[in-house]
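work36.cif follows (mmCIF, C-alpha atoms):
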data_data
loop_
_atom_site.label_atom_id
_atom_site.label_comp_id
_atom_site.auth_asym_id
_atom_site.auth_seq_id
_atom_site.Cartn_x
_atom_site.Cartn_y
_atom_site.Cartn_z
CA LYS A 877 0.00 0.00 0.00
CA ARG A 878 1.07 3.60 -0.61
CA TYR A 879 0.21 6.29 1.92
CA MET A 880 0.34 10.05 1.98
CA GLN A 881 0.30 12.23 5.07
CA VAL A 882 -3.20 13.43 5.88
CA ALA A 883 -2.78 14.59 9.48
CA ALA A 884 -0.19 15.34 12.16
CA LEU A 885 -0.59 15.42 15.93
CA PRO A 886 0.76 18.59 17.56
CA LEU A 887 2.44 17.99 20.90
CA HIS A 888 2.20 20.50 23.74
CA PRO A 889 4.00 20.61 27.13
CA THR A 890 2.92 17.75 29.41
CA ALA A 891 1.40 20.15 31.93
CA THR A 892 -1.10 21.21 29.26
CA TYR A 893 -2.84 17.82 29.53
CA VAL A 894 -3.04 17.64 33.32
CA GLY A 895 -6.58 17.76 34.68
CA LYS A 896 -8.27 17.32 31.31
CA GLY A 897 -10.19 14.27 32.48
CA PHE A 898 -10.10 10.67 31.32
CA PRO A 899 -12.37 9.71 28.40
CA LYS A 900 -15.11 7.18 28.98
CA PHE A 901 -13.43 3.84 28.35
CA GLY A 902 -15.48 0.67 27.89
CA GLN A 903 -14.20 -2.54 29.48
CA PRO A 904 -12.44 -4.64 26.79
CA ARG A 905 -14.30 -7.86 25.94
CA GLU A 906 -12.83 -10.67 23.86
CA ILE A 907 -14.89 -11.41 20.75
CA ALA A 908 -12.48 -13.58 18.74
CA HIS A 909 -8.96 -15.02 18.80
CA PHE A 910 -6.45 -16.94 16.71
CA SER A 911 -3.12 -18.73 17.02
CA ARG A 912 -0.07 -18.92 14.77
CA ASP A 913 2.25 -21.91 14.67
CA ALA A 914 6.00 -21.97 13.94
CA SER A 915 5.31 -21.63 10.21
CA ARG A 916 2.89 -18.74 10.86
CA ARG A 917 -0.10 -20.83 9.83
CA VAL A 918 -3.27 -19.52 11.47
CA ARG A 919 -5.72 -21.53 13.54
CA PHE A 920 -8.89 -20.11 15.03
CA ASP A 921 -8.30 -21.65 18.43
CA LYS A 922 -6.18 -21.16 21.58
CA SER A 923 -3.47 -23.67 20.69
CA GLY A 924 -0.90 -20.88 20.78
CA LEU A 925 -1.81 -19.77 24.31
CA GLY A 926 0.60 -21.13 26.91
CA ALA A 927 -0.34 -21.79 30.52
CA TYR A 928 1.72 -19.89 33.09
CA ARG A 929 3.99 -21.74 35.48
CA THR A 930 6.46 -20.31 37.98
CA PRO A 931 9.82 -20.47 36.17
CA ARG A 932 12.93 -21.97 37.71
CA LEU A 933 15.07 -19.00 38.65
CA PRO A 934 17.75 -17.83 38.34
CA ALA A 935 17.97 -18.78 34.67
CA ALA A 936 20.41 -17.89 31.91
CA LEU A 937 18.29 -16.16 29.26
CA ASP A 938 21.08 -16.38 26.67
CA VAL A 939 20.75 -20.16 26.42
CA GLY A 940 19.50 -21.22 22.98
CA PHE A 941 20.13 -17.88 21.27
CA GLU A 942 22.08 -19.53 18.44
CA SER A 943 19.03 -21.61 17.44
CA TYR A 944 16.50 -18.80 17.95
CA VAL A 945 14.01 -18.28 15.08
CA PRO A 946 13.01 -14.58 14.97
CA LYS A 947 9.59 -13.45 13.85
CA SER A 948 9.28 -13.17 10.08
CA HIS A 949 7.26 -10.37 8.53
CA ASP A 950 7.12 -7.97 5.62
CA PRO A 951 8.94 -4.78 6.70
CA ASN A 952 6.52 -2.77 4.58
CA GLU A 953 3.52 -4.30 6.39
CA PRO A 954 4.69 -5.52 9.83
CA ALA A 955 1.25 -6.55 11.09
CA PRO A 956 -1.30 -7.16 8.30
CA LEU A 957 -4.93 -7.15 9.41
CA GLY A 958 -6.07 -9.99 7.16
CA ASP A 959 -5.82 -12.65 9.88
CA VAL A 960 -7.74 -10.42 12.29
CA VAL A 961 -10.58 -9.98 9.78
CA ALA A 962 -10.61 -13.74 9.13
CA ALA A 963 -10.81 -14.52 12.87
CA LEU A 964 -13.72 -12.10 13.29
CA SER A 965 -15.50 -13.68 10.32
CA HIS A 966 -14.92 -17.15 11.84
CA LYS A 967 -16.85 -15.98 14.91
CA GLY A 968 -19.58 -14.36 12.81
CA VAL A 969 -18.51 -10.82 13.75
CA ARG A 970 -18.78 -8.15 11.06
CA THR A 971 -16.06 -5.51 10.81
CA THR A 972 -18.82 -2.98 10.14
CA ASP A 973 -19.88 -3.39 13.77
CA ALA A 974 -16.89 -1.20 14.75
CA HIS A 975 -15.70 2.22 13.69
CA ILE A 976 -12.01 1.25 13.83
CA LEU A 977 -10.06 -2.00 13.41
CA THR A 978 -6.48 -2.02 14.64
CA TYR A 979 -3.67 -3.81 16.42
CA ARG A 980 -2.83 -2.69 19.96
CA ASN A 981 0.58 -1.47 18.74
CA ASN A 982 -1.03 1.60 17.18
CA LEU A 983 -2.95 2.55 20.31
CA ASN A 984 0.19 2.08 22.44
CA LYS A 985 1.94 4.65 20.27
CA ILE A 986 -0.92 7.14 20.13
CA PHE A 987 -1.87 7.05 23.83
CA GLY A 988 1.74 7.05 25.02
CA THR A 989 2.78 10.05 22.93
CA VAL A 990 2.83 12.61 25.73
CA TYR A 991 5.17 10.44 27.81
CA ASN A 992 7.41 9.20 24.96
CA ARG A 993 8.32 12.39 23.18
CA LYS A 994 11.52 10.97 21.66
CA ASP A 995 9.67 8.17 19.86
CA ASP A 996 8.25 9.29 16.54
CA TRP A 997 5.53 7.15 15.00
CA GLU A 998 3.36 6.73 11.93
CA VAL A 999 0.02 4.98 11.50
CA GLY A 1000 -1.44 4.01 8.14
CA VAL A 1001 -5.13 4.91 7.88
CA GLU A 1002 -7.41 3.22 5.35
CA ARG A 1003 -11.14 3.80 5.02
CA CYS A 1004 -12.96 0.82 3.54
CA ALA A 1005 -15.96 1.06 1.24
CA ASP A 1006 -18.21 -0.04 4.13
CA GLY A 1007 -16.98 2.90 6.25
CA THR A 1008 -14.75 0.93 8.64
CA VAL A 1009 -11.39 2.57 9.32
CA LEU A 1010 -8.35 0.27 9.35
CA LEU A 1011 -5.26 1.40 11.26
CA HIS A 1012 -2.14 -0.24 9.82
CA VAL A 1013 1.05 -0.70 11.83
CA MET A 1014 3.94 1.16 10.19
CA ASP A 1015 7.61 1.63 11.08
CA THR A 1016 9.19 5.06 10.69
CA GLU A 1017 12.44 5.53 8.80
CA ARG A 1018 14.20 5.96 12.14
CA LYS A 1019 12.81 2.66 13.40
CA ARG A 1020 13.80 0.80 10.25
CA ALA A 1021 17.32 2.26 10.43
CA GLU A 1022 17.62 1.22 14.09
CA GLU A 1023 16.56 -2.33 13.24
CA ALA A 1024 19.13 -2.51 10.45
CA ARG A 1025 21.90 -1.37 12.83
CA ARG A 1026 21.10 -3.77 15.66
CA ASP A 1027 24.20 -5.61 16.84
CA GLU A 1028 24.34 -9.04 18.47
CA ARG A 1029 24.00 -7.58 21.97
CA GLN A 1030 20.73 -5.85 21.03
CA GLN A 1031 19.45 -9.00 19.30
CA ARG A 1032 20.19 -10.99 22.46
CA MET A 1033 18.30 -8.48 24.58
CA SER A 1034 15.27 -8.95 22.31
CA TYR A 1035 15.65 -12.72 22.65
CA TRP A 1036 15.61 -12.60 26.45
CA GLY A 1037 11.91 -11.71 26.50
CA TYR A 1038 10.99 -14.68 24.31
CA LYS A 1039 13.19 -17.01 26.39
CA PHE A 1040 11.58 -15.85 29.64
CA GLU A 1041 8.19 -16.52 28.09
CA GLN A 1042 9.27 -20.05 27.20
CA LEU A 1043 10.51 -20.70 30.74
CA SER A 1044 7.23 -19.37 32.14
CA THR A 1045 4.81 -21.51 30.12
CA LEU A 1046 3.90 -25.16 30.30
CA ASP A 1047 4.27 -25.63 26.55
CA GLY A 1048 7.95 -24.67 26.80
CA GLY A 1049 8.93 -28.31 27.45
CA GLU A 1050 8.88 -30.98 30.14
CA ASP A 1051 9.49 -29.66 33.63
CA ASP A 1052 12.39 -32.04 34.26
CA GLY A 1053 15.35 -29.71 33.89
CA GLY A 1054 16.16 -31.12 30.46
CA PRO A 1055 16.87 -29.14 27.27
CA LEU A 1056 14.04 -27.09 25.83
CA PRO A 1057 13.19 -26.78 22.12
CA PRO A 1058 14.45 -23.74 20.19
CA VAL A 1059 12.54 -20.51 20.74
CA ASN A 1060 10.44 -19.63 17.69
CA ALA A 1061 9.02 -16.11 17.84
CA ASN A 1062 6.50 -16.90 15.10
CA GLU A 1063 4.40 -18.94 17.52
CA GLU A 1064 1.84 -16.69 19.14
CA PHE A 1065 -1.70 -16.24 20.38
CA CYS A 1066 -3.75 -13.16 19.56
CA SER A 1067 -6.87 -11.96 21.36
CA ILE A 1068 -9.30 -9.64 19.59
CA VAL A 1069 -11.27 -7.43 21.94
CA GLN A 1070 -14.13 -5.00 21.56
CA LEU A 1071 -13.70 -1.73 23.41
CA SER A 1072 -15.05 1.77 23.25
CA ILE A 1073 -13.56 5.19 23.84
CA ASP A 1074 -16.38 7.66 24.36
CA ARG A 1075 -18.62 7.02 21.34
CA THR A 1076 -15.97 5.36 19.18
CA LYS A 1077 -16.17 1.56 18.99
CA LEU A 1078 -12.99 -0.37 18.25
CA PHE A 1079 -11.99 -3.95 17.48
CA MET A 1080 -8.40 -4.33 18.66
CA ALA A 1081 -6.06 -7.31 18.27
CA ALA A 1082 -3.33 -7.91 20.87
CA GLU A 1083 -0.73 -10.64 21.26
CA ILE A 1084 -1.08 -12.37 24.66
CA ASP A 1085 1.84 -14.13 26.34
CA CYS A 1086 0.04 -16.74 28.43
CA ALA A 1087 -2.84 -17.41 30.81
CA ALA A 1088 -3.16 -18.48 34.43
CA THR A 1089 -4.43 -22.02 34.86
CA GLY A 1090 -7.81 -22.90 36.29
CA GLY A 1091 -9.39 -26.18 37.27
CA GLY A 1092 -8.24 -29.11 35.16
CA GLY A 1093 -5.41 -27.07 33.66
CA ALA A 1094 -7.73 -25.08 31.40
CA PRO A 1095 -6.77 -21.43 30.78
CA ALA A 1096 -8.54 -19.15 33.23
CA ALA A 1097 -10.27 -15.96 32.22
CA GLY A 1098 -7.26 -13.79 33.18
CA TYR A 1099 -4.48 -13.36 30.65
CA VAL A 1100 -0.91 -12.63 31.73
CA GLU A 1101 1.73 -10.30 30.28
CA LEU A 1102 5.37 -11.36 30.79
CA LYS A 1103 8.16 -8.78 30.86
CA THR A 1104 11.89 -8.72 31.57
CA SER A 1105 13.96 -5.98 33.14
CA LYS A 1106 17.53 -5.62 34.35
CA ARG A 1107 18.14 -5.78 38.09
CA HIS A 1108 18.00 -2.35 39.68
CA ALA A 1109 21.44 -1.42 40.97
CA SER A 1110 20.61 2.10 42.13
CA PRO A 1111 17.71 4.42 43.00
CA ARG A 1112 18.16 5.95 39.55
CA ASP A 1113 17.51 2.55 37.94
CA GLU A 1114 14.35 2.19 40.01
CA GLU A 1115 13.16 5.67 39.07
CA SER A 1116 13.78 5.04 35.36
CA PHE A 1117 11.92 1.72 35.56
CA GLN A 1118 8.89 3.28 37.20
CA ARG A 1119 8.80 6.30 34.93
CA HIS A 1120 9.28 4.58 31.58
CA LYS A 1121 8.80 0.82 31.63
CA LEU A 1122 5.96 0.54 34.14
CA PHE A 1123 3.91 3.06 32.19
CA LYS A 1124 4.27 1.07 28.98
CA TYR A 1125 3.44 -2.18 30.79
CA TRP A 1126 0.31 -0.65 32.29
CA LEU A 1127 -0.86 0.95 29.07
CA GLN A 1128 -0.72 -2.12 26.86
CA SER A 1129 -2.28 -4.31 29.57
CA PHE A 1130 -5.03 -1.77 30.29
CA LEU A 1131 -5.99 -1.49 26.62
CA ALA A 1132 -6.47 -5.26 26.26
CA GLY A 1133 -8.03 -5.82 29.68
CA VAL A 1134 -5.12 -7.98 30.84
CA PRO A 1135 -5.23 -8.06 34.66
CA THR A 1136 -1.74 -9.41 35.44
CA VAL A 1137 1.79 -8.32 34.52
CA LEU A 1138 4.75 -10.40 35.70
CA VAL A 1139 8.26 -8.96 35.45
CA GLY A 1140 11.35 -11.18 35.63
#
Using the file provided, produce a representation of the structure as structure tokens.
Amino acid sequence: KRYMQVAALPLHPTATYVGKGFPKFGQPREIAHFSRDASRRVRFDKSGLGAYRTPRLPAALDVGFESYVPKSHDPNEPAPLGDVVAALSHKGVRTTDAHILTYRNNLNKIFGTVYNRKDDWEVGVERCADGTVLLHVMDTERKRAEEARRDERQQRMSYWGYKFEQLSTLDGGEDDGGPLPPVNANEEFCSIVQLSIDRTKLFMAAEIDCAATGGGGAPAAGYVELKTSKRHASPRDEESFQRHKLFKYWLQSFLAGVPTVLVG
């Protein structure tokens, strides 16, 4: 797709937004879901949703990096909406029942703008013939350049999150201390929720890390977000963590209605 700029968001001093009031936000409710396997084949089930277990810690998150399979995608269309539309159709949900269809990534960027002033962003906007607005995930030139310059250290840091997820889910392997299979970032589970912001109705897709287990080992209603962070060696580290990372953790979990965030 080819896009042209149609709007820009002016940014004012943070104090300008204080006391403006929070918009009416409807509780997110899951209306569809899908899973992707290692080959990125889609299934309209929860086969890609791992069950949380307490990981054996401490653990070396570098283990297995050499056999790691990173997520494959088209850099010009990092998160196509076709699978989301197909999952909605599988559940009998019409895209015309919402004003906007998007991935959570776009809302993270838009709603976090005031607190992440150094991070530029772009969102592709497409209005369909039926009136539904599609928000496409796009990478800026800066982001693409950063990805191209990533060294091995930065690639390992990205891997640590996937490895922690593997260690924290039952589908990561037998809990016998033996070797685990290679981490494949293409395997994922995606929840599609309905939410509203004032009078605007949205269908939003969000990747979910795992779920708590209920009776009989079945996934419980509450989803879980898994995060990694370096150990805080000083009050400054703690302040930076609370100011930057905790906000991002809260925002993405709040948008999808995820009640639990675990940081390792």
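Nearest to Ala974 (chain A) of all the residues A:Tyr1099, A:Phe1079, A:Tyr1125, A:Phe1130 is A:Phe1079, based on all atoms listed in the file.
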Report, in Å with one decimal, the straight-line distance from CA of Cys1066 (chain A) to CA of Val918 (chain A).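 So the two atoms, CA of Cys1066 (chain A) and CA of Val918 (chain A), lie 10.3 Å apart.
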Select from region 945-980 of chain A every residue with an atom at most 12 Å from any atom of region 995-1001 of chain A, then for each give the shortest pair of atoms and their distance in Å to one decimal, using all atoms listed in the file, rows by chain and rising number, as a tab-separated table.
residue	atom	partner	partner_atom	distance
A:Asn952	CA	A:Gly1000	CA	11.0
A:Glu953	CA	A:Gly1000	CA	9.8
A:Pro954	CA	A:Gly1000	CA	11.5
A:Ala955	CA	A:Gly1000	CA	11.3
A:Pro956	CA	A:Gly1000	CA	11.2
A:Leu957	CA	A:Gly1000	CA	11.8
A:Ile976	CA	A:Val1001	CA	9.8
A:Leu977	CA	A:Val1001	CA	10.1
A:Thr978	CA	A:Val1001	CA	9.8
A:Tyr979	CA	A:Val999	CA	10.7
A:Arg980	CA	A:Val999	CA	11.8
Starting from the displayed file, determine the output of the PyMOL selection byres ((chain A and resi 1133) around 8) and express the residue list as a ChimeraX atom specification. /A:903-905,1129-1132,1134-1135
Could you list, as a VMD selection string, every residue matched by the PyMOL selection byres ((chain A and resi 1100-1113) around 9) in this structure? chain A and resid 928 1036 to 1037 1040 to 1041 1044 1084 to 1088 1098 to 1099 1114 to 1118 1121 1125 1129 1134 to 1140
File of the preceding selection, C-alpha atoms, as a short mmCIF file (atom, residue, chain, number, x, y, z; two decimals), keeping the file's coordinate frame:
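Okay, result_27.cif is ready:
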data_model
loop_
_atom_site.label_atom_id
_atom_site.label_comp_id
_atom_site.auth_asym_id
_atom_site.auth_seq_id
_atom_site.Cartn_x
_atom_site.Cartn_y
_atom_site.Cartn_z
CA TYR A 928 1.72 -19.89 33.09
CA TRP A 1036 15.61 -12.60 26.45
CA GLY A 1037 11.91 -11.71 26.50
CA PHE A 1040 11.58 -15.85 29.64
CA GLU A 1041 8.19 -16.52 28.09
CA SER A 1044 7.23 -19.37 32.14
CA ILE A 1084 -1.08 -12.37 24.66
CA ASP A 1085 1.84 -14.13 26.34
CA CYS A 1086 0.04 -16.74 28.43
CA ALA A 1087 -2.84 -17.41 30.81
CA ALA A 1088 -3.16 -18.48 34.43
CA GLY A 1098 -7.26 -13.79 33.18
CA TYR A 1099 -4.48 -13.36 30.65
CA GLU A 1114 14.35 2.19 40.01
CA GLU A 1115 13.16 5.67 39.07
CA SER A 1116 13.78 5.04 35.36
CA PHE A 1117 11.92 1.72 35.56
CA GLN A 1118 8.89 3.28 37.20
CA LYS A 1121 8.80 0.82 31.63
CA TYR A 1125 3.44 -2.18 30.79
CA SER A 1129 -2.28 -4.31 29.57
CA VAL A 1134 -5.12 -7.98 30.84
CA PRO A 1135 -5.23 -8.06 34.66
CA THR A 1136 -1.74 -9.41 35.44
CA VAL A 1137 1.79 -8.32 34.52
CA LEU A 1138 4.75 -10.40 35.70
CA VAL A 1139 8.26 -8.96 35.45
CA GLY A 1140 11.35 -11.18 35.63
#
Ranking A:Thr989, A:Ser948, A:Thr972, A:Asn984 by minimum distance to Arg1003 (chain A) and counting all atoms listed in the file, which one comes first?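 Residue with the minimum atom-to-atom distance to Arg1003 (chain A): A:Thr972.
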The PyMOL selection byres ((chain A and resi 947) around 8) resolved against shown file, as a list in words: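 So the PyMOL selection byres ((chain A and resi 947) around 8), applied here, picks out Val945, Pro946, Ser948, His949, Asn1060, Ala1061 and Asn1062 of chain A.
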Quick one: distance from CA of Lys967 (chain A) to CA of Ala908 (chain A) in Å, one decimal?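 Computing it gives 6.3 Å between the two atoms.
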Missing atoms of region 940-964 of chain A rebuilt to N, CA and C atoms, written as a compact mmCIF listing (two decimals), keeping the file's coordinate frame:
# COMPACT_ATOMS: atom_id res chain seq x y z
N GLY A 940 20.32 -20.95 24.16
CA GLY A 940 19.50 -21.22 22.98
C GLY A 940 19.46 -20.11 21.96
N PHE A 941 20.19 -19.02 22.20
CA PHE A 941 20.13 -17.88 21.27
C PHE A 941 20.56 -18.27 19.86
N GLU A 942 21.55 -19.15 19.76
CA GLU A 942 22.08 -19.53 18.44
C GLU A 942 21.05 -20.25 17.58
N SER A 943 20.06 -20.89 18.21
CA SER A 943 19.03 -21.61 17.44
C SER A 943 17.70 -20.85 17.40
N TYR A 944 17.71 -19.63 17.89
CA TYR A 944 16.50 -18.80 17.95
C TYR A 944 15.97 -18.49 16.54
N VAL A 945 14.65 -18.62 16.36
CA VAL A 945 14.01 -18.28 15.08
C VAL A 945 13.22 -16.99 15.28
N PRO A 946 13.72 -15.85 14.77
CA PRO A 946 13.01 -14.58 14.97
C PRO A 946 11.72 -14.53 14.17
N LYS A 947 10.87 -13.60 14.54
CA LYS A 947 9.59 -13.45 13.85
C LYS A 947 9.82 -12.94 12.43
N SER A 948 9.16 -13.58 11.48
CA SER A 948 9.28 -13.17 10.08
C SER A 948 8.09 -12.33 9.69
N HIS A 949 8.35 -11.22 9.00
CA HIS A 949 7.26 -10.37 8.53
C HIS A 949 7.75 -9.47 7.40
N ASP A 950 6.82 -8.91 6.68
CA ASP A 950 7.12 -7.97 5.62
C ASP A 950 7.41 -6.61 6.24
N PRO A 951 8.64 -6.07 6.07
CA PRO A 951 8.94 -4.78 6.70
C PRO A 951 8.03 -3.65 6.24
N ASN A 952 7.43 -3.80 5.07
CA ASN A 952 6.52 -2.77 4.58
C ASN A 952 5.11 -2.91 5.17
N GLU A 953 4.83 -4.07 5.75
CA GLU A 953 3.52 -4.30 6.39
C GLU A 953 3.75 -5.24 7.58
N PRO A 954 4.29 -4.69 8.69
CA PRO A 954 4.69 -5.52 9.83
C PRO A 954 3.59 -6.36 10.45
N ALA A 955 2.36 -5.85 10.43
CA ALA A 955 1.25 -6.55 11.09
C ALA A 955 -0.01 -6.44 10.24
N PRO A 956 -0.12 -7.24 9.16
CA PRO A 956 -1.30 -7.16 8.30
C PRO A 956 -2.56 -7.57 9.05
N LEU A 957 -3.67 -6.93 8.70
CA LEU A 957 -4.93 -7.15 9.41
C LEU A 957 -5.76 -8.29 8.84
N GLY A 958 -5.28 -8.94 7.79
CA GLY A 958 -6.07 -9.99 7.16
C GLY A 958 -6.46 -11.11 8.10
N ASP A 959 -5.53 -11.56 8.95
CA ASP A 959 -5.82 -12.65 9.88
C ASP A 959 -6.83 -12.21 10.94
N VAL A 960 -6.79 -10.94 11.32
CA VAL A 960 -7.74 -10.42 12.29
C VAL A 960 -9.16 -10.44 11.70
N VAL A 961 -9.28 -9.97 10.46
CA VAL A 961 -10.58 -9.98 9.78
C VAL A 961 -11.11 -11.40 9.64
N ALA A 962 -10.20 -12.35 9.29
CA ALA A 962 -10.61 -13.74 9.13
C ALA A 962 -11.09 -14.34 10.46
N ALA A 963 -10.41 -14.00 11.56
CA ALA A 963 -10.81 -14.52 12.87
C ALA A 963 -12.17 -13.96 13.28
N LEU A 964 -12.42 -12.70 12.99
CA LEU A 964 -13.72 -12.10 13.29
C LEU A 964 -14.82 -12.79 12.48
